[in-house]
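A.B. asks: File name data09.txt; file contents compact mmCIF, C-alpha atoms; full text below.
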```txt
# COMPACT_ATOMS: atom_id res chain seq x y z
CA MET O 1 -94.21 40.70 -8.57
CA TYR O 2 -94.67 38.89 -11.90
CA VAL O 3 -91.84 39.56 -14.34
CA LEU O 4 -91.52 38.47 -17.95
CA ILE O 5 -88.03 38.35 -19.43
CA ALA O 6 -87.55 38.24 -23.19
CA GLY O 7 -84.15 36.78 -24.03
CA GLY O 8 -82.42 34.14 -21.91
CA GLY O 9 -78.77 34.86 -22.64
CA LYS O 10 -76.30 35.88 -19.95
CA VAL O 11 -78.28 38.98 -19.03
CA GLY O 12 -81.71 37.36 -19.06
CA ALA O 13 -80.69 34.16 -17.28
CA ASN O 14 -78.88 35.92 -14.47
CA LEU O 15 -81.72 38.36 -14.05
CA MET O 16 -84.03 35.36 -13.78
CA ARG O 17 -81.88 33.74 -11.06
CA THR O 18 -81.68 36.96 -9.08
CA LEU O 19 -85.41 37.65 -9.29
CA LEU O 20 -86.29 34.08 -8.33
CA ARG O 21 -84.01 34.32 -5.28
CA SER O 22 -85.97 37.42 -4.27
CA LYS O 23 -89.14 35.29 -4.49
CA HIS O 24 -90.58 36.94 -7.57
CA GLU O 25 -92.57 35.01 -10.14
CA VAL O 26 -90.61 35.02 -13.39
CA THR O 27 -90.95 33.58 -16.89
CA VAL O 28 -88.16 33.73 -19.46
CA ILE O 29 -88.61 33.43 -23.24
CA GLU O 30 -85.74 32.12 -25.37
CA GLN O 31 -85.69 31.31 -29.06
CA ASN O 32 -82.36 29.53 -29.46
CA HIS O 33 -82.70 25.72 -29.01
CA ASP O 34 -79.40 25.10 -27.21
CA ARG O 35 -79.84 28.03 -24.90
CA PHE O 36 -83.44 27.06 -24.21
CA ASP O 37 -82.48 23.47 -23.29
CA LYS O 38 -80.11 24.79 -20.62
CA LEU O 39 -82.71 27.22 -19.33
CA GLU O 40 -85.36 24.50 -19.21
CA ALA O 41 -83.01 22.18 -17.31
CA GLU O 42 -82.53 24.89 -14.71
CA PHE O 43 -85.90 26.67 -14.59
CA GLU O 44 -88.28 23.95 -15.89
CA HIS O 45 -91.72 25.30 -16.83
CA GLN O 46 -90.61 28.87 -16.11
CA ALA O 47 -88.74 28.86 -19.43
CA ILE O 48 -90.75 29.16 -22.66
CA ARG O 49 -89.26 28.50 -26.08
CA GLY O 50 -90.08 30.83 -28.93
CA ASP O 51 -89.67 34.20 -30.62
CA ALA O 52 -90.70 36.82 -28.08
CA THR O 53 -91.79 39.16 -30.87
CA GLU O 54 -94.53 36.68 -31.85
CA LEU O 55 -97.84 37.46 -30.17
CA PHE O 56 -98.74 33.82 -29.51
CA VAL O 57 -95.39 33.22 -27.82
CA LEU O 58 -95.87 36.23 -25.56
CA GLU O 59 -99.38 35.02 -24.78
CA ARG O 60 -98.15 31.53 -23.94
CA ALA O 61 -95.72 33.15 -21.53
CA GLY O 62 -98.62 34.89 -19.79
CA ILE O 63 -98.41 38.43 -21.13
CA LYS O 64 -102.20 38.76 -21.02
CA ARG O 65 -102.27 38.70 -17.22
CA PRO O 66 -100.36 41.16 -17.66
CA PRO O 67 -96.98 40.99 -15.87
CA ASP O 68 -96.03 43.91 -13.60
CA LEU O 69 -92.79 44.28 -15.51
CA LEU O 70 -91.34 43.14 -18.81
CA VAL O 71 -87.62 43.16 -19.48
CA ALA O 72 -86.56 43.06 -23.14
CA ALA O 73 -83.07 41.63 -22.85
CA THR O 74 -82.44 40.04 -26.24
CA GLY O 75 -79.26 40.70 -28.16
CA ASP O 76 -81.18 42.49 -30.91
CA ASP O 77 -82.25 46.11 -30.49
CA GLU O 78 -85.03 46.03 -33.08
CA ASP O 79 -86.50 42.97 -31.36
CA ASN O 80 -86.28 44.72 -27.99
CA ILE O 81 -88.11 47.77 -29.37
CA ILE O 82 -90.91 45.68 -30.86
CA ILE O 83 -91.25 43.55 -27.70
CA CYS O 84 -91.60 46.69 -25.56
CA GLN O 85 -94.13 48.28 -27.92
CA LEU O 86 -96.25 45.12 -28.03
CA ALA O 87 -96.04 44.66 -24.25
CA ARG O 88 -97.03 48.19 -23.39
CA GLU O 89 -99.42 49.14 -26.13
CA ARG O 90 -101.12 45.87 -26.93
CA TYR O 91 -101.10 44.10 -23.58
CA GLY O 92 -101.01 47.01 -21.16
CA VAL O 93 -97.86 45.95 -19.32
CA PRO O 94 -97.34 48.87 -16.92
CA LYS O 95 -93.55 48.91 -16.93
CA VAL O 96 -90.95 47.87 -19.47
CA ILE O 97 -87.16 47.93 -19.29
CA ALA O 98 -85.13 47.56 -22.46
CA ARG O 99 -81.55 46.49 -23.01
CA ILE O 100 -79.72 48.43 -25.70
CA ASN O 101 -76.97 46.46 -27.41
CA ASP O 102 -75.70 49.15 -29.77
CA PRO O 103 -75.67 52.56 -28.06
CA ARG O 104 -76.21 54.25 -31.42
CA ASN O 105 -79.78 52.96 -31.27
CA GLN O 106 -80.54 54.98 -28.12
CA THR O 107 -82.16 57.68 -30.30
CA TYR O 108 -84.72 55.19 -31.55
CA PHE O 109 -85.70 53.97 -28.09
CA ASP O 110 -86.12 57.63 -27.08
CA LEU O 111 -88.04 58.47 -30.25
CA LEU O 112 -90.48 55.64 -29.62
CA GLY O 113 -90.81 56.47 -25.94
CA ILE O 114 -89.25 53.25 -24.65
CA SER O 115 -87.76 53.97 -21.26
CA PRO O 116 -85.91 53.15 -19.09
CA THR O 117 -83.13 51.64 -21.16
CA ILE O 118 -79.80 50.22 -20.14
CA SER O 119 -76.72 49.65 -22.25
CA ALA O 120 -73.41 48.17 -21.17
CA THR O 121 -71.45 50.70 -23.21
CA GLY O 122 -73.41 53.56 -21.68
CA ALA O 123 -72.96 52.22 -18.16
CA ILE O 124 -69.21 51.75 -18.62
CA MET O 125 -68.86 55.20 -20.19
CA ALA O 126 -70.61 56.73 -17.18
CA LEU O 127 -68.10 55.01 -14.89
CA ILE O 128 -65.18 56.17 -17.02
CA GLU O 129 -66.50 59.72 -17.04
CA HIS O 130 -66.79 59.54 -13.29
CA GLU O 131 -63.13 58.50 -13.02
CA VAL O 132 -61.81 60.81 -15.72
CA PRO O 133 -64.06 63.84 -16.07
CA GLU O 134 -62.86 64.86 -19.48
CA HIS O 135 -64.95 67.96 -19.84
CA GLY O 136 -65.10 68.77 -16.17
CA LEU O 137 -68.71 67.71 -15.88
CA ILE O 138 -69.89 64.28 -14.74
CA HIS O 139 -73.39 63.09 -15.55
CA LEU O 140 -74.69 61.39 -12.42
CA LEU O 141 -78.34 60.87 -13.20
CA GLU O 142 -80.59 61.45 -16.12
CA LEU O 143 -84.28 62.06 -15.35
CA ARG O 144 -85.43 61.44 -18.87
CA GLN O 145 -89.15 61.89 -18.33
CA GLU O 146 -88.69 65.04 -16.29
CA ASN O 147 -86.19 66.31 -18.87
CA LEU O 148 -83.64 67.10 -16.17
CA GLU O 149 -80.22 65.81 -15.27
CA ILE O 150 -78.00 65.90 -12.24
CA VAL O 151 -74.32 66.59 -12.77
CA GLU O 152 -71.21 66.99 -10.67
CA VAL O 153 -68.68 69.74 -11.33
CA THR O 154 -65.50 70.59 -9.49
CA VAL O 155 -65.09 74.36 -9.28
CA GLY O 156 -61.98 75.36 -11.20
CA LYS O 157 -59.24 77.72 -10.07
CA GLY O 158 -59.94 81.13 -11.53
CA ALA O 159 -63.52 80.17 -12.42
CA ALA O 160 -66.09 82.95 -12.76
CA CYS O 161 -67.85 81.77 -9.62
CA GLU O 162 -64.79 81.39 -7.37
CA GLY O 163 -65.14 83.15 -4.03
CA ARG O 164 -68.73 84.25 -4.72
CA ARG O 165 -72.03 83.51 -3.01
CA ILE O 166 -74.39 81.29 -5.01
CA ASP O 167 -76.87 84.19 -5.20
CA ASP O 168 -74.21 86.31 -6.92
CA VAL O 169 -73.19 83.62 -9.36
CA ASN O 170 -74.66 84.12 -12.76
CA LEU O 171 -76.04 80.59 -13.20
CA PRO O 172 -77.69 79.84 -16.53
CA GLU O 173 -81.49 79.79 -16.62
CA GLY O 174 -82.67 76.23 -16.04
CA ALA O 175 -79.83 75.28 -13.70
CA ARG O 176 -79.65 75.14 -9.87
CA VAL O 177 -76.89 74.17 -7.48
CA ILE O 178 -78.06 71.44 -5.11
CA SER O 179 -75.12 70.87 -2.81
CA VAL O 180 -71.46 71.63 -2.26
CA VAL O 181 -68.85 69.20 -0.97
CA ARG O 182 -65.71 70.76 0.51
CA ASN O 183 -62.96 68.72 2.22
CA GLY O 184 -65.28 65.73 2.40
CA HIS O 185 -68.05 67.73 4.09
CA ALA O 186 -71.33 68.04 2.19
CA GLU O 187 -73.73 70.92 2.57
CA ILE O 188 -77.05 71.72 0.90
CA ALA O 189 -76.53 74.81 -1.18
CA GLY O 190 -78.19 78.00 0.12
CA HIS O 191 -78.25 81.57 -1.13
CA GLU O 192 -75.23 82.42 1.02
CA THR O 193 -73.09 79.37 0.22
CA LEU O 194 -69.67 80.46 -0.96
CA LEU O 195 -68.06 78.63 -3.85
CA GLU O 196 -64.32 77.97 -3.71
CA ALA O 197 -61.92 76.33 -6.12
CA GLY O 198 -61.91 72.56 -5.55
CA ASP O 199 -65.53 72.46 -4.32
CA GLN O 200 -67.52 69.56 -5.71
CA VAL O 201 -70.84 70.98 -6.78
CA LEU O 202 -73.96 68.96 -7.54
CA ALA O 203 -76.29 70.74 -9.91
CA ILE O 204 -79.62 69.96 -11.51
CA LEU O 205 -80.21 71.31 -15.00
CA GLU O 206 -82.09 70.99 -18.24
CA PRO O 207 -80.18 69.05 -20.89
CA GLY O 208 -78.38 71.46 -23.20
CA LYS O 209 -77.38 73.86 -20.39
CA GLU O 210 -74.12 72.00 -19.75
CA ASP O 211 -71.89 74.40 -21.63
CA ALA O 212 -73.42 77.44 -19.96
CA LEU O 213 -72.88 75.80 -16.56
CA ARG O 214 -69.27 74.91 -17.43
CA ARG O 215 -68.54 78.52 -18.35
CA VAL O 216 -69.61 79.66 -14.88
CA LEU O 217 -68.13 76.92 -12.72
CA LEU O 218 -64.95 76.11 -14.63
CA ARG O 219 -62.21 78.32 -15.90
CA ASP O 220 -62.20 78.91 -19.67
CA GLY O 221 -65.32 76.80 -20.02
CA GLY O 222 -63.48 73.69 -18.91
CA ALA O 223 -60.91 73.66 -21.65
CA MET M 1 -89.07 62.40 -56.55
CA ARG M 2 -86.76 60.42 -54.34
CA ALA M 3 -87.53 56.94 -53.03
CA ILE M 4 -85.34 54.89 -50.74
CA VAL M 5 -85.69 51.13 -50.85
CA ILE M 6 -84.19 49.45 -47.79
CA GLY M 7 -83.52 45.76 -48.20
CA CYS M 8 -82.71 44.80 -51.74
CA GLY M 9 -83.76 41.18 -51.98
CA ARG M 10 -86.26 39.71 -54.43
CA VAL M 11 -89.02 42.12 -53.46
CA GLY M 12 -86.95 45.22 -52.74
CA SER M 13 -84.89 45.00 -55.92
CA ALA M 14 -87.99 44.58 -58.10
CA VAL M 15 -89.72 47.54 -56.41
CA ALA M 16 -86.56 49.61 -56.87
CA ARG M 17 -86.32 48.74 -60.56
CA GLU M 18 -89.96 49.55 -61.24
CA LEU M 19 -89.73 52.92 -59.53
CA ASP M 20 -86.46 53.63 -61.32
CA ALA M 21 -88.10 52.82 -64.66
CA ALA M 22 -91.03 55.07 -63.72
CA GLY M 23 -88.65 58.00 -63.40
CA TRP M 24 -88.09 58.10 -59.63
CA ASP M 25 -84.72 58.94 -58.17
CA VAL M 26 -84.19 55.66 -56.31
CA ILE M 27 -81.54 54.82 -53.74
CA ALA M 28 -81.34 51.15 -52.82
CA VAL M 29 -79.84 50.08 -49.48
CA ASP M 30 -78.60 46.62 -48.58
CA GLU M 31 -76.11 45.09 -46.17
CA ASP M 32 -74.80 42.87 -48.92
CA GLU M 33 -72.82 44.46 -51.73
CA ASP M 34 -73.84 41.62 -54.06
CA ALA M 35 -77.44 42.81 -53.87
CA LEU M 36 -76.47 45.44 -56.45
CA GLY M 37 -76.45 42.61 -58.99
CA ARG M 38 -80.21 42.14 -58.49
CA LEU M 39 -80.85 45.66 -59.76
CA GLY M 40 -79.74 44.67 -63.26
CA GLU M 41 -77.70 46.39 -65.93
CA GLY M 42 -80.12 49.18 -66.72
CA TRP M 43 -80.03 50.44 -63.11
CA THR M 44 -79.60 54.21 -62.99
CA GLY M 45 -80.30 54.78 -59.30
CA GLY M 46 -77.97 54.86 -56.32
CA PHE M 47 -76.84 52.05 -54.07
CA VAL M 48 -75.63 52.29 -50.49
CA VAL M 49 -74.11 49.36 -48.60
CA GLY M 50 -75.01 49.11 -44.93
CA HIS M 51 -77.69 48.37 -42.36
CA GLY M 52 -80.88 50.39 -42.80
CA ILE M 53 -81.12 51.02 -39.06
CA ASP M 54 -78.00 53.22 -39.22
CA GLN M 55 -79.09 56.84 -39.01
CA HIS M 56 -76.00 58.17 -40.76
CA LEU M 57 -76.53 55.76 -43.62
CA LEU M 58 -80.16 56.84 -43.96
CA LYS M 59 -79.05 60.46 -44.17
CA GLU M 60 -76.37 59.52 -46.68
CA ALA M 61 -79.08 57.86 -48.76
CA GLY M 62 -80.94 61.17 -48.65
CA ILE M 63 -83.85 60.23 -46.39
CA GLU M 64 -84.32 63.87 -45.41
CA GLU M 65 -85.39 64.72 -48.96
CA ALA M 66 -87.20 61.45 -49.69
CA GLU M 67 -90.85 61.36 -50.73
CA ALA M 68 -91.11 57.64 -50.11
CA VAL M 69 -89.39 54.87 -48.17
CA VAL M 70 -89.99 51.18 -48.82
CA VAL M 71 -88.70 48.86 -46.10
CA SER M 72 -88.28 45.26 -47.21
CA THR M 73 -85.37 43.65 -45.39
CA ASN M 74 -85.78 40.03 -44.33
CA GLY M 75 -86.49 41.02 -40.71
CA ASP M 76 -90.01 42.03 -39.68
CA ASN M 77 -88.84 43.85 -36.57
CA THR M 78 -86.09 45.66 -38.40
CA ASN M 79 -88.64 46.77 -40.99
CA LEU M 80 -91.08 47.98 -38.34
CA VAL M 81 -88.43 49.98 -36.50
CA ILE M 82 -87.01 51.56 -39.67
CA ALA M 83 -90.53 52.44 -40.86
CA GLN M 84 -91.32 54.19 -37.57
CA VAL M 85 -88.00 56.04 -37.69
CA ALA M 86 -88.65 57.16 -41.29
CA GLN M 87 -92.11 58.38 -40.28
CA LYS M 88 -91.43 59.95 -36.92
CA LEU M 89 -87.83 61.12 -37.09
CA PHE M 90 -87.53 62.04 -40.77
CA ASN M 91 -91.21 62.81 -41.53
CA VAL M 92 -91.13 60.94 -44.83
CA PRO M 93 -94.62 61.37 -46.41
CA THR M 94 -95.01 57.81 -47.73
CA VAL M 95 -93.57 54.91 -45.76
CA VAL M 96 -94.42 51.27 -46.49
CA ALA M 97 -93.03 48.25 -44.65
CA ARG M 98 -93.19 44.62 -45.57
CA VAL M 99 -94.11 42.49 -42.57
CA LEU M 100 -94.43 38.72 -42.97
CA ASP M 101 -96.15 38.04 -39.64
CA PRO M 102 -99.87 38.90 -40.01
CA ALA M 103 -100.28 39.55 -36.27
CA ARG M 104 -97.57 42.18 -36.12
CA ALA M 105 -98.62 43.62 -39.49
CA ASP M 106 -102.16 44.16 -38.18
CA PHE M 107 -101.06 45.59 -34.86
CA TYR M 108 -98.75 48.18 -36.44
CA ALA M 109 -101.27 48.99 -39.18
CA GLU M 110 -103.70 49.99 -36.41
CA ARG M 111 -101.02 52.26 -35.02
CA GLY M 112 -100.52 54.16 -38.25
CA VAL M 113 -97.67 52.25 -39.88
CA ARG M 114 -98.47 51.26 -43.43
CA THR M 115 -97.70 47.54 -43.52
CA ILE M 116 -97.92 45.13 -46.43
CA CYS M 117 -98.30 41.50 -45.39
CA PRO M 118 -97.57 39.02 -48.20
CA THR M 119 -98.54 36.16 -45.87
CA SER M 120 -102.08 37.49 -45.38
CA ASP M 121 -102.40 38.12 -49.10
CA ALA M 122 -101.27 34.56 -49.87
CA ILE M 123 -103.72 33.12 -47.32
CA LYS M 124 -106.64 35.07 -48.80
CA THR M 125 -105.72 34.07 -52.34
CA LEU M 126 -105.24 30.40 -51.47
CA VAL M 127 -108.52 30.15 -49.56
CA ALA M 128 -110.36 31.98 -52.37
CA ALA M 129 -108.85 29.62 -54.97
CA VAL M 130 -110.04 26.56 -53.07
CA ARG M 131 -113.48 27.97 -52.31
CA ALA M 132 -114.00 28.93 -55.96
CA GLY M 133 -114.30 25.18 -56.59
CA GLU M 134 -117.02 24.64 -53.96
CA PRO M 135 -120.27 23.25 -55.35
CA VAL M 136 -122.88 26.01 -55.52
```
Please, can you express the file's structure as structure tokens?
C.D. replies:
Amino acid sequence: MYVLIAGGGKVGANLMRTLLRSKHEVTVIEQNHDRFDKLEAEFEHQAIRGDATELFVLERAGIKRPPDLLVAATGDDEDNIIICQLARERYGVPKVIARINDPRNQTYFDLLGISPTISATGAIMALIEHEVPEHGLIHLLELRQENLEIVEVTVGKGAACEGRRIDDVNLPEGARVISVVRNGHAEIAGHETLLEAGDQVLAILEPGKEDALRRVLLRDGGA
Amino acid sequence: MRAIVIGCGRVGSAVARELDAAGWDVIAVDEDEDALGRLGEGWTGGFVVGHGIDQHLLKEAGIEEAEAVVVSTNGDNTNLVIAQVAQKLFNVPTVVARVLDPARADFYAERGVRTICPTSDAIKTLVAAVRAGEPV
């Protein structure tokens, strides 16, 4: 696979090393002189110096081939947005991945259809939520394009669904239970599956149905 | 008629002042508080300190009611992102962005972003000035 990485800081450089070890063809673009010198010493001609939002720099790095994948990993979110737009829409790069530095900019990446994105804050928050489910509902996976998400909920004592079959549980429209884990034993959810307090339930739902799901699976809506 | 001018340097501040003088309700936005000084003593419009990419700041500046947004910070990419946000998220009717790099200005112009490229204008003017002296 041919991969183009924009931004050779800690993220970009380590990505480069990892991809090269897996025998991929990789080029990294870095603007900063000092950083570029280090990259060039390590990666030789596979490092290109320049501003990755300049068309001629991208072209020198081989974007016209085009690469199978472009990773926008600079420390600047606006730059990452522009790099992804240029790569996809001008050069027909089939897949782009963007790093988000300030999670408040997520809306803009979504608005402009740049996906998938990854942000350190977001990734750490997901881990924290997994450890400390503050609102009783853990986001496991977001299927952005499909507009669906997979969440985990632990059935609360006294919840509306406790002791009932899944068929009899009044799940919100746009939500389905996938599986139930009880005492470490997982089972695919069927019509007859009984829900008990303490069960870990995996559910798939449309974003925005979280509160409705909480009201059914947790007591007092998770408060 | 409300206009928001994001980036209040030499260009932005002059645009803001002209619109202000023409009777527009102008809100200028700049990261640097000192930029207010560029708007001069007769300035009657608003001024918000902060980065134009900040959605809350844009709302505070009244982007939801704005007729026009002029984006003229010193970063081409920042300008292009803010312009797209103003157009697509806030549906501002008139959005203009200053973009110094002719290549990016052309690319985004093709995609429906109104870009003004002072570099291209300077190139055209300079070449025309030289060629005006060519022997006929």
A.B. asks: Env of Glu30 (chain O): 9 Å cut, atoms = all atoms listed in the file, seq-sep filter 6 positions within chain, self excluded. Answer as a list in words.
C.D. replies: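 Answer for this query is Ile5, Ala6, Gly7, Gly8, Gly9, Phe36, Leu39, Ala47, Ile48, Arg49, Gly50, Asp51, Ala52 and Thr74 of chain O.
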A.B. asks: Any idea which chain M residues end up within 8 Å of chain O if we count all atoms listed in the file, as a list of chain:residue names please?
C.D. replies: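 Using all atoms listed in the file, chain M residues at most 8 Å from chain O: M:Asn77, M:Thr78, M:Leu80, M:Val81, M:Val85, M:Lys88, M:Leu89, M:Ala103, M:Arg104, M:Phe107.
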A.B. asks: At what distance in Å, to one decimal, does CA of Asp54 (chain M) lie from CA of Ala120 (chain O)?
C.D. replies: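 It comes out at 19.3 Å.
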A.B. asks: At what distance in Å, to one decimal, does CA of Pro118 (chain M) lie from CA of Pro102 (chain M)?
C.D. replies: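 These two atoms are separated by 8.5 Å.
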A.B. asks: Find the residues near Val3 (chain O): any atom within 6 Å, counting only C-alpha atoms, skip ones fewer than 3 places away on the same chain, and give them as an mmCIF file with C-alpha atoms, in the frame of the given file.
C.D. replies:
```cif
data_model
loop_
_atom_site.group_PDB
_atom_site.id
_atom_site.type_symbol
_atom_site.label_atom_id
_atom_site.label_comp_id
_atom_site.auth_asym_id
_atom_site.auth_seq_id
_atom_site.Cartn_x
_atom_site.Cartn_y
_atom_site.Cartn_z
ATOM 1 C CA VAL O 26 -90.610 35.020 -13.390
ATOM 2 C CA PRO O 67 -96.980 40.990 -15.870
ATOM 3 C CA LEU O 69 -92.790 44.280 -15.510
ATOM 4 C CA LEU O 70 -91.340 43.140 -18.810
#
```
A.B. asks: For Ala16 (chain M), which of M:Val69, M:Ala86, M:Ile63, M:Ala97 is the closest residue, counting all atoms listed in the file?
C.D. replies: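 Closest candidate: M:Val69.
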A.B. asks: Padding 8 Å on each side, edges along x, y and z: where is the centre of the box around the listed atoms of region 24-30 of chain O, and how long are its edges in Å to one decimal? Output it as JSON.
C.D. replies:
```
{"center_x": -89.2, "center_y": 34.5, "center_z": -16.5, "size_x": 22.8, "size_y": 20.8, "size_z": 33.8}
```
A.B. asks: Which one is closest to Glu31 (chain M): M:Gly75, M:Gly52, M:Gly12, M:Gly46? Count all atoms listed in the file.
C.D. replies: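 Smallest distance to Glu31 (chain M) is found for M:Gly52.
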A.B. asks: With a distance cut-off of 7 Å and all atoms listed in the file, select the neighbouring residues of Val155 (chain O), excluding the residue or stretch itself and same-chain residues fewer than 4 positions from it, and output the selection as a list in words.
C.D. replies: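 The filter keeps Ala159, Glu196, Ala197, Gly198, Asp199, Gln200, Leu217 and Leu218 of chain O.
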A.B. asks: Can you tell me which residues surround Ile204 (chain O) at a distance of at most 8 Å, considering all atoms listed in the file, apart from same-chain residues fewer than 2 positions away, and format the answer as an MDAnalysis selection string?
C.D. replies: chainID O and resid 148:151 175:178 202 206
A.B. asks: So how far away is CA of Ile118 (chain O) from CA of Val11 (chain O), in Å?
C.D. replies: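 Here the two named atoms are 11.4 Å from each other.
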A.B. asks: With all atoms listed in the file as the basis for distance, which of M:Glu134, M:Asn79, M:Ile27, M:Ala21 is at the shortest distance from Ala66 (chain M)?
C.D. replies: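 So, comparing all the options, the nearest one is M:Ile27.
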A.B. asks: Return the single residue from O:Lys38, O:Ala186, O:Val153, O:Arg165 that is closest to Asp211 (chain O), with distances computed using all atoms listed in the file.
C.D. replies: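 Of all the options, O:Val153 lies closest to Asp211 (chain O).
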A.B. asks: What would the list of residues within 8 Å of (-79.1, 80.8, -1.9) (file frame) look like as an NGL selection string, if only C-alpha atoms are what count?
C.D. replies: :O and (165-167 or 189-193)
